[in-house]
Amino acid sequence: MIVTTKELFKHAYGKYAVGAYNINNAEQVMGLFRGCMESKAPFIVQLSKGARSYTDKRMLEAMLRAADEIFPDAIFAVHLDHGDEATCMECIDSGFYSSVMIDASHASFDENIAITKRVADAAHAKGLVAEAELGQLGGVEEHVSVSEADAKLTNPEQAKEFVERSGCDSLACAIGTSHGAFKFSGSQGLHFDVLADIQKRLPGFPLVMHGSSSVPQDEVARINAAGGKMKGAKGVDETQFLPAAKLGVTKINIDTDGRLVWCRVHREEFMKNPENFDLRPPGKVFMAEYAKYIAHKNAVLGSAGQIDSIRASLKK
Ligand code: G3H
Ligand code: 13P
Ligand code: ZN
């Protein structure tokens, strides 16, 4: 069942975070839905601009419609990740998405508010919700590379004004994470003080943490042992998720860790079976490993086991 992120956040707020997972192909979709069903978790499927053009946006949407039929008990939101204004409007008009993210974080404060307001108004008119971003994460986003030095933490005072003036439904805050597999080169970490300050000024308002892959070191070691070159890859400590959820983070974005599962499975499979040229054997291992990885993430996010309770709350 497709729901809005707003419905998911209402149930999660202050208790756990909902995993927001990016998908690109059928194997990821199967692994994601299986993992969420096995762990009985609500979830958010994220489609980035890059994912929508990798094969064709209609292909991704058709896969999700099919998954909704194959897994009739699943409860999930369909969310555009890091959209520009035009893509947000297209997704709002498509009638398929339940939530969009407008990422105008590279614009000035006032311009970010103006763009976000236009998208939030359009989303609300069609019963959708809008996530916005204030502050700037380091790392690489589609077409935009932000160096550590240029990354800007969210200003808590501005966050309140931003939410009030833009009408957004949730806010992605920069608190020290970055996108990709190389998040921390030195002693940097998460700024929970900033998060606590934002929650104090915006009590009850759903916050979002991007760049939350944990880049498991055993995964990196296996990739490197199978011919990969990922020296120095580092991510967010998974034990930080629940403390973040207590501070109002209801959505935690994870993409890179899923790519690592894909990379490890395929490197190991082809190393073990160099004579193989068939896509299905590694594909089957990948779907099973991806489901396992998703179930584990849902456990550490606290969303595992919440599906019956959320189903009951949706009926009220
Ligand atoms: O924040 C970016 C997400 O990880 C999506 O990545 O734009 O390469 O699909 P992508
Ligand atoms: P990671 O690169 O840490 O997985 O972050 C993903 C993300 O924020 C998607 O919007
Ligand atoms: Zn992101």
# chains A, B, ... in the order shown; residues from 1 in each chain; ligands from 1
call {"tool": "residues_near_ligand", "arguments": {"ligand": "ligand 3", "cutoff": "8 Å", "atoms": "only C-alpha atoms and all ligand atoms", "output": "compact mmCIF listing (two decimals) with N, CA, C and O atoms, in the first residue's frame"}}
result
# COMPACT_ATOMS: atom_id res chain seq x y z
N ASP A 81 13.84 11.70 -4.76
CA ASP A 81 15.01 12.09 -3.97
C ASP A 81 15.76 13.22 -4.68
O ASP A 81 16.05 13.11 -5.88
N HIS A 82 16.08 14.27 -3.97
CA HIS A 82 16.88 15.40 -4.50
C HIS A 82 16.34 15.94 -5.83
O HIS A 82 17.07 16.00 -6.84
N GLU A 141 26.35 14.82 -5.04
CA GLU A 141 24.96 14.59 -5.41
C GLU A 141 24.92 14.68 -6.93
O GLU A 141 25.86 15.14 -7.55
N HIS A 179 27.16 12.52 1.33
CA HIS A 179 26.79 11.40 0.46
C HIS A 179 28.02 10.59 0.07
O HIS A 179 29.12 11.10 0.06
N MET A 209 17.65 12.78 7.79
CA MET A 209 19.12 12.70 7.75
C MET A 209 19.55 12.02 6.45
O MET A 209 19.28 10.85 6.23
N HIS A 210 20.18 12.81 5.59
CA HIS A 210 20.74 12.25 4.35
C HIS A 210 22.15 11.73 4.64
O HIS A 210 22.69 11.94 5.71
N GLY A 211 22.71 11.06 3.63
CA GLY A 211 24.10 10.61 3.75
C GLY A 211 24.32 9.71 4.94
O GLY A 211 25.30 9.85 5.67
N ASN A 253 18.20 8.38 5.13
CA ASN A 253 18.46 8.04 3.73
C ASN A 253 19.69 7.16 3.57
O ASN A 253 20.79 7.54 4.01
call {"tool": "residues_near_ligand", "arguments": {"ligand": "ligand 1", "cutoff": "9 Å", "atoms": "only C-alpha atoms and all ligand atoms", "output": "PDB file with N, CA, C and O atoms, in the first residue's frame"}}
result
ATOM      1  N   TYR A  21      15.245   4.141   1.048  1.00  0.00           N
ATOM      2  CA  TYR A  21      16.218   3.390   0.247  1.00  0.00           C
ATOM      3  C   TYR A  21      16.072   3.722  -1.239  1.00  0.00           C
ATOM      4  O   TYR A  21      14.967   3.686  -1.787  1.00  0.00           O
ATOM      5  N   ASN A  22      17.193   4.011  -1.886  1.00  0.00           N
ATOM      6  CA  ASN A  22      17.181   4.324  -3.324  1.00  0.00           C
ATOM      7  C   ASN A  22      17.175   3.035  -4.146  1.00  0.00           C
ATOM      8  O   ASN A  22      17.869   2.077  -3.794  1.00  0.00           O
ATOM      9  N   ILE A  23      16.399   3.043  -5.215  1.00  0.00           N
ATOM     10  CA  ILE A  23      16.381   1.854  -6.081  1.00  0.00           C
ATOM     11  C   ILE A  23      16.633   2.252  -7.539  1.00  0.00           C
ATOM     12  O   ILE A  23      16.331   3.375  -7.959  1.00  0.00           O
ATOM     13  N   ASN A  24      17.192   1.318  -8.275  1.00  0.00           N
ATOM     14  CA  ASN A  24      17.518   1.539  -9.683  1.00  0.00           C
ATOM     15  C   ASN A  24      17.064   0.412 -10.594  1.00  0.00           C
ATOM     16  O   ASN A  24      16.896   0.613 -11.791  1.00  0.00           O
ATOM     17  N   GLN A  46      13.000   5.484  -2.623  1.00  0.00           N
ATOM     18  CA  GLN A  46      13.444   6.758  -3.192  1.00  0.00           C
ATOM     19  C   GLN A  46      13.888   6.583  -4.634  1.00  0.00           C
ATOM     20  O   GLN A  46      14.647   5.668  -4.947  1.00  0.00           O
ATOM     21  N   LEU A  47      13.441   7.500  -5.475  1.00  0.00           N
ATOM     22  CA  LEU A  47      13.865   7.514  -6.878  1.00  0.00           C
ATOM     23  C   LEU A  47      14.612   8.816  -7.119  1.00  0.00           C
ATOM     24  O   LEU A  47      14.033   9.898  -6.958  1.00  0.00           O
ATOM     25  N   SER A  48      15.876   8.709  -7.456  1.00  0.00           N
ATOM     26  CA  SER A  48      16.643   9.922  -7.753  1.00  0.00           C
ATOM     27  C   SER A  48      16.466  10.270  -9.225  1.00  0.00           C
ATOM     28  O   SER A  48      15.982   9.455 -10.026  1.00  0.00           O
ATOM     29  N   LYS A  49      16.903  11.464  -9.588  1.00  0.00           N
ATOM     30  CA  LYS A  49      16.859  11.853 -11.003  1.00  0.00           C
ATOM     31  C   LYS A  49      17.685  10.888 -11.840  1.00  0.00           C
ATOM     32  O   LYS A  49      17.283  10.475 -12.916  1.00  0.00           O
ATOM     33  N   GLY A  50      18.841  10.514 -11.305  1.00  0.00           N
ATOM     34  CA  GLY A  50      19.723   9.583 -12.022  1.00  0.00           C
ATOM     35  C   GLY A  50      19.061   8.230 -12.206  1.00  0.00           C
ATOM     36  O   GLY A  50      19.166   7.620 -13.272  1.00  0.00           O
ATOM     37  N   ALA A  51      18.364   7.759 -11.161  1.00  0.00           N
ATOM     38  CA  ALA A  51      17.691   6.461 -11.250  1.00  0.00           C
ATOM     39  C   ALA A  51      16.557   6.519 -12.264  1.00  0.00           C
ATOM     40  O   ALA A  51      16.325   5.567 -13.012  1.00  0.00           O
ATOM     41  N   ARG A  52      15.845   7.645 -12.317  1.00  0.00           N
ATOM     42  CA  ARG A  52      14.697   7.775 -13.219  1.00  0.00           C
ATOM     43  C   ARG A  52      15.138   7.758 -14.681  1.00  0.00           C
ATOM     44  O   ARG A  52      14.366   7.429 -15.568  1.00  0.00           O
ATOM     45  N   TYR A  54      18.094   6.142 -15.629  1.00  0.00           N
ATOM     46  CA  TYR A  54      19.030   5.016 -15.838  1.00  0.00           C
ATOM     47  C   TYR A  54      18.460   4.042 -16.882  1.00  0.00           C
ATOM     48  O   TYR A  54      19.104   3.713 -17.867  1.00  0.00           O
ATOM     49  N   ASP A  81      13.838  11.704  -4.758  1.00  0.00           N
ATOM     50  CA  ASP A  81      15.006  12.087  -3.967  1.00  0.00           C
ATOM     51  C   ASP A  81      15.764  13.216  -4.682  1.00  0.00           C
ATOM     52  O   ASP A  81      16.049  13.112  -5.880  1.00  0.00           O
ATOM     53  N   HIS A  82      16.085  14.274  -3.966  1.00  0.00           N
ATOM     54  CA  HIS A  82      16.876  15.399  -4.500  1.00  0.00           C
ATOM     55  C   HIS A  82      16.337  15.937  -5.830  1.00  0.00           C
ATOM     56  O   HIS A  82      17.071  15.996  -6.839  1.00  0.00           O
ATOM     57  N   GLY A 139      30.159  15.892  -0.145  1.00  0.00           N
ATOM     58  CA  GLY A 139      30.038  14.712  -0.996  1.00  0.00           C
ATOM     59  C   GLY A 139      29.465  15.038  -2.347  1.00  0.00           C
ATOM     60  O   GLY A 139      29.393  16.198  -2.745  1.00  0.00           O
ATOM     61  N   VAL A 140      29.033  14.005  -3.051  1.00  0.00           N
ATOM     62  CA  VAL A 140      28.586  14.187  -4.433  1.00  0.00           C
ATOM     63  C   VAL A 140      27.106  13.879  -4.548  1.00  0.00           C
ATOM     64  O   VAL A 140      26.649  12.830  -4.146  1.00  0.00           O
ATOM     65  N   GLU A 141      26.349  14.824  -5.041  1.00  0.00           N
ATOM     66  CA  GLU A 141      24.959  14.586  -5.415  1.00  0.00           C
ATOM     67  C   GLU A 141      24.918  14.679  -6.925  1.00  0.00           C
ATOM     68  O   GLU A 141      25.863  15.140  -7.547  1.00  0.00           O
ATOM     69  N   GLU A 142      23.841  14.265  -7.485  1.00  0.00           N
ATOM     70  CA  GLU A 142      23.689  14.340  -8.940  1.00  0.00           C
ATOM     71  C   GLU A 142      24.110  15.722  -9.460  1.00  0.00           C
ATOM     72  O   GLU A 142      23.543  16.733  -9.060  1.00  0.00           O
ATOM     73  N   HIS A 143      25.089  15.761 -10.303  1.00  0.00           N
ATOM     74  CA  HIS A 143      25.590  16.976 -10.961  1.00  0.00           C
ATOM     75  C   HIS A 143      26.255  17.984 -10.018  1.00  0.00           C
ATOM     76  O   HIS A 143      26.723  19.017 -10.449  1.00  0.00           O
ATOM     77  N   SER A 178      27.669  13.166   4.853  1.00  0.00           N
ATOM     78  CA  SER A 178      27.821  13.515   3.434  1.00  0.00           C
ATOM     79  C   SER A 178      27.430  12.298   2.601  1.00  0.00           C
ATOM     80  O   SER A 178      27.362  11.186   3.116  1.00  0.00           O
ATOM     81  N   HIS A 179      27.163  12.524   1.331  1.00  0.00           N
ATOM     82  CA  HIS A 179      26.788  11.403   0.460  1.00  0.00           C
ATOM     83  C   HIS A 179      28.021  10.587   0.071  1.00  0.00           C
ATOM     84  O   HIS A 179      29.125  11.098   0.058  1.00  0.00           O
ATOM     85  N   GLY A 180      27.795   9.328  -0.241  1.00  0.00           N
ATOM     86  CA  GLY A 180      28.871   8.500  -0.782  1.00  0.00           C
ATOM     87  C   GLY A 180      29.577   7.640   0.254  1.00  0.00           C
ATOM     88  O   GLY A 180      29.158   7.549   1.410  1.00  0.00           O
ATOM     89  N   HIS A 210      20.180  12.806   5.593  1.00  0.00           N
ATOM     90  CA  HIS A 210      20.735  12.255   4.350  1.00  0.00           C
ATOM     91  C   HIS A 210      22.146  11.725   4.635  1.00  0.00           C
ATOM     92  O   HIS A 210      22.694  11.943   5.707  1.00  0.00           O
ATOM     93  N   GLY A 211      22.708  11.061   3.632  1.00  0.00           N
ATOM     94  CA  GLY A 211      24.101  10.612   3.751  1.00  0.00           C
ATOM     95  C   GLY A 211      24.322   9.707   4.942  1.00  0.00           C
ATOM     96  O   GLY A 211      25.303   9.851   5.670  1.00  0.00           O
ATOM     97  N   ASN A 253      18.197   8.378   5.134  1.00  0.00           N
ATOM     98  CA  ASN A 253      18.456   8.041   3.727  1.00  0.00           C
ATOM     99  C   ASN A 253      19.693   7.165   3.572  1.00  0.00           C
ATOM    100  O   ASN A 253      20.789   7.543   4.010  1.00  0.00           O
ATOM    101  N   ILE A 254      19.500   6.029   2.918  1.00  0.00           N
ATOM    102  CA  ILE A 254      20.605   5.086   2.742  1.00  0.00           C
ATOM    103  C   ILE A 254      20.619   4.593   1.293  1.00  0.00           C
ATOM    104  O   ILE A 254      19.643   4.007   0.827  1.00  0.00           O
ATOM    105  N   ASP A 255      21.690   4.827   0.608  1.00  0.00           N
ATOM    106  CA  ASP A 255      21.839   4.374  -0.772  1.00  0.00           C
ATOM    107  C   ASP A 255      23.173   3.638  -0.952  1.00  0.00           C
ATOM    108  O   ASP A 255      23.227   2.497  -1.402  1.00  0.00           O
ATOM    109  N   THR A 256      24.249   4.319  -0.562  1.00  0.00           N
ATOM    110  CA  THR A 256      25.598   3.776  -0.791  1.00  0.00           C
ATOM    111  C   THR A 256      25.763   2.356  -0.247  1.00  0.00           C
ATOM    112  O   THR A 256      26.350   1.493  -0.919  1.00  0.00           O
TER     113      THR A 256
END
call {"tool": "select_by_dssp", "arguments": {"residues": "region 131-294 of chain A", "states": "strand (DSSP E)", "output": "list in words"}}
result
Glu131, Ala132, Glu133, Leu134, Gly139, Val140, Glu141, Val144, Ser145, Val146, Ser170, Leu171, Ala172, Cys173, Leu207, Val208, Met209, Val249, Thr250, Lys251, Ile252, Asn253 and Ile254 of chain A
call {"tool": "write_last_selection", "arguments": {"atoms": "C-alpha atoms", "output": "PDB file, in the first residue's frame"}}
result
ATOM      1  CA  GLU A 131      10.668  17.456   1.914  1.00  0.00           C
ATOM      2  CA  ALA A 132      13.101  20.367   1.665  1.00  0.00           C
ATOM      3  CA  GLU A 133      16.779  20.831   2.479  1.00  0.00           C
ATOM      4  CA  LEU A 134      18.498  23.594   4.394  1.00  0.00           C
ATOM      5  CA  GLY A 139      30.038  14.712  -0.996  1.00  0.00           C
ATOM      6  CA  VAL A 140      28.586  14.187  -4.433  1.00  0.00           C
ATOM      7  CA  GLU A 141      24.959  14.586  -5.415  1.00  0.00           C
ATOM      8  CA  VAL A 144      26.782  18.753  -7.792  1.00  0.00           C
ATOM      9  CA  SER A 145      29.977  18.107  -5.881  1.00  0.00           C
ATOM     10  CA  VAL A 146      30.344  19.842  -2.521  1.00  0.00           C
ATOM     11  CA  SER A 170       9.833  17.680   6.575  1.00  0.00           C
ATOM     12  CA  LEU A 171      13.327  19.100   6.568  1.00  0.00           C
ATOM     13  CA  ALA A 172      16.645  17.536   5.587  1.00  0.00           C
ATOM     14  CA  CYS A 173      19.261  19.007   7.898  1.00  0.00           C
ATOM     15  CA  LEU A 207      13.588  15.896  10.311  1.00  0.00           C
ATOM     16  CA  VAL A 208      15.541  13.945   7.710  1.00  0.00           C
ATOM     17  CA  MET A 209      19.116  12.697   7.749  1.00  0.00           C
ATOM     18  CA  VAL A 249      14.795  12.400  12.763  1.00  0.00           C
ATOM     19  CA  THR A 250      12.022  10.316  11.181  1.00  0.00           C
ATOM     20  CA  LYS A 251      13.625   9.515   7.814  1.00  0.00           C
ATOM     21  CA  ILE A 252      17.117   8.162   7.298  1.00  0.00           C
ATOM     22  CA  ASN A 253      18.456   8.041   3.727  1.00  0.00           C
ATOM     23  CA  ILE A 254      20.605   5.086   2.742  1.00  0.00           C
TER      24      ILE A 254
END
call {"tool": "residues_around", "arguments": {"residues": "Met271 (chain A)", "least_positions_apart": "5", "cutoff": "9 Å", "atoms": "only C-alpha atoms", "output": "PyMOL selection string"}}
result
chain A and resi 226-227+266
call {"tool": "residues_around", "arguments": {"residues": "Thr239 (chain A)", "least_positions_apart": "3", "cutoff": "12 Å", "atoms": "only C-alpha atoms", "output": "number ranges by chain"}}
result
A: 190, 212-214, 235-236, 242-245, 297, 299-302
call {"tool": "residues_around", "arguments": {"residues": "Arg165 (chain A)", "least_positions_apart": "2", "cutoff": "10 Å", "atoms": "only C-alpha atoms", "output": "ChimeraX atom specification"}}
result
/A:110,113-114,116-117,159-163,167-168
call {"tool": "write_last_selection", "arguments": {"atoms": "C-alpha atoms", "output": "short mmCIF file (atom, residue, chain, number, x, y, z; two decimals), in the first residue's frame"}}
result
data_model
loop_
_atom_site.label_atom_id
_atom_site.label_comp_id
_atom_site.auth_asym_id
_atom_site.auth_seq_id
_atom_site.Cartn_x
_atom_site.Cartn_y
_atom_site.Cartn_z
CA ASP A 110 15.25 33.38 0.39
CA ILE A 113 12.23 29.29 0.55
CA ALA A 114 10.54 30.62 -2.60
CA THR A 116 10.30 25.16 -1.79
CA LYS A 117 7.04 27.06 -1.24
CA ALA A 159 15.45 26.20 10.17
CA LYS A 160 12.40 27.45 12.08
CA GLU A 161 11.93 30.45 9.80
CA PHE A 162 12.47 28.24 6.74
CA VAL A 163 9.78 25.75 7.75
CA GLY A 167 5.35 25.26 4.26
CA CYS A 168 7.49 22.15 3.75
#
call {"tool": "atom_distance", "arguments": {"atom1": "CA of Met63 (chain A)", "atom2": "CA of Ile44 (chain A)"}}
result
14.8 Å
call {"tool": "closest_residue", "arguments": {"among": "A:Glu61, A:Glu90, A:Val18, A:Leu260", "to": "Cys36 (chain A)", "atoms": "only C-alpha atoms"}}
result
A:Val18
call {"tool": "closest_residue", "arguments": {"among": "A:Lys126, A:Lys231, A:Lys284, A:His79", "to": "ligand 2", "atoms": "only C-alpha atoms and all ligand atoms"}}
result
A:His79
call {"tool": "residues_around", "arguments": {"residues": "Lys40 (chain A)", "least_positions_apart": "4", "cutoff": "9 Å", "atoms": "only C-alpha atoms", "output": "list of chain:residue names"}}
result
A:Gly35, A:Cys36, A:Ala74, A:Ala295, A:Asn298, A:Ser303, A:Ala304, A:Gly305, A:Gln306, A:Ile307, A:Asp308
call {"tool": "residues_around", "arguments": {"residues": "Trp262 (chain A)", "least_positions_apart": "3", "cutoff": "8 Å", "atoms": "only C-alpha atoms", "output": "ChimeraX atom specification"}}
result
/A:258-259,265-266,286,290
call {"tool": "write_last_selection", "arguments": {"atoms": "N, CA and C atoms", "output": "PDB file, in the first residue's frame"}}
result
ATOM      1  N   GLY A 258      23.747  -0.034  -0.039  1.00  0.00           N
ATOM      2  CA  GLY A 258      23.136  -0.995  -0.961  1.00  0.00           C
ATOM      3  C   GLY A 258      24.026  -1.218  -2.183  1.00  0.00           C
ATOM      4  N   ARG A 259      24.698  -0.147  -2.613  1.00  0.00           N
ATOM      5  CA  ARG A 259      25.620  -0.286  -3.746  1.00  0.00           C
ATOM      6  C   ARG A 259      26.805  -1.164  -3.352  1.00  0.00           C
ATOM      7  N   VAL A 265      28.839  -8.635  -3.779  1.00  0.00           N
ATOM      8  CA  VAL A 265      28.264  -9.877  -4.306  1.00  0.00           C
ATOM      9  C   VAL A 265      28.820 -10.177  -5.702  1.00  0.00           C
ATOM     10  N   HIS A 266      28.814  -9.190  -6.561  1.00  0.00           N
ATOM     11  CA  HIS A 266      29.235  -9.456  -7.936  1.00  0.00           C
ATOM     12  C   HIS A 266      30.739  -9.707  -8.036  1.00  0.00           C
ATOM     13  N   PHE A 286      22.477 -11.703  -5.043  1.00  0.00           N
ATOM     14  CA  PHE A 286      22.308 -10.285  -4.719  1.00  0.00           C
ATOM     15  C   PHE A 286      20.948 -10.011  -4.067  1.00  0.00           C
ATOM     16  N   TYR A 290      20.664  -8.548  -0.457  1.00  0.00           N
ATOM     17  CA  TYR A 290      20.069  -7.209  -0.343  1.00  0.00           C
ATOM     18  C   TYR A 290      18.906  -7.240   0.655  1.00  0.00           C
TER      19      TYR A 290
END
call {"tool": "select_by_dssp", "arguments": {"residues": "region 200-233 of chain A", "states": "alpha helix (DSSP H)", "output": "count of residues only"}}
result
11
call {"tool": "closest_residue", "arguments": {"among": "A:Ser108, A:Ser309, A:Gln199, A:Gln136", "to": "ligand 2", "atoms": "only C-alpha atoms and all ligand atoms"}}
result
A:Gln136
call {"tool": "closest_residue", "arguments": {"among": "A:Gln28, A:Gln158, A:Ser99, A:Thr177", "to": "ligand 2", "atoms": "only C-alpha atoms and all ligand atoms"}}
result
A:Thr177
call {"tool": "closest_residue", "arguments": {"among": "A:Leu247, A:Cys91, A:Val100, A:Met1", "to": "ligand 2", "atoms": "only C-alpha atoms and all ligand atoms"}}
result
A:Val100
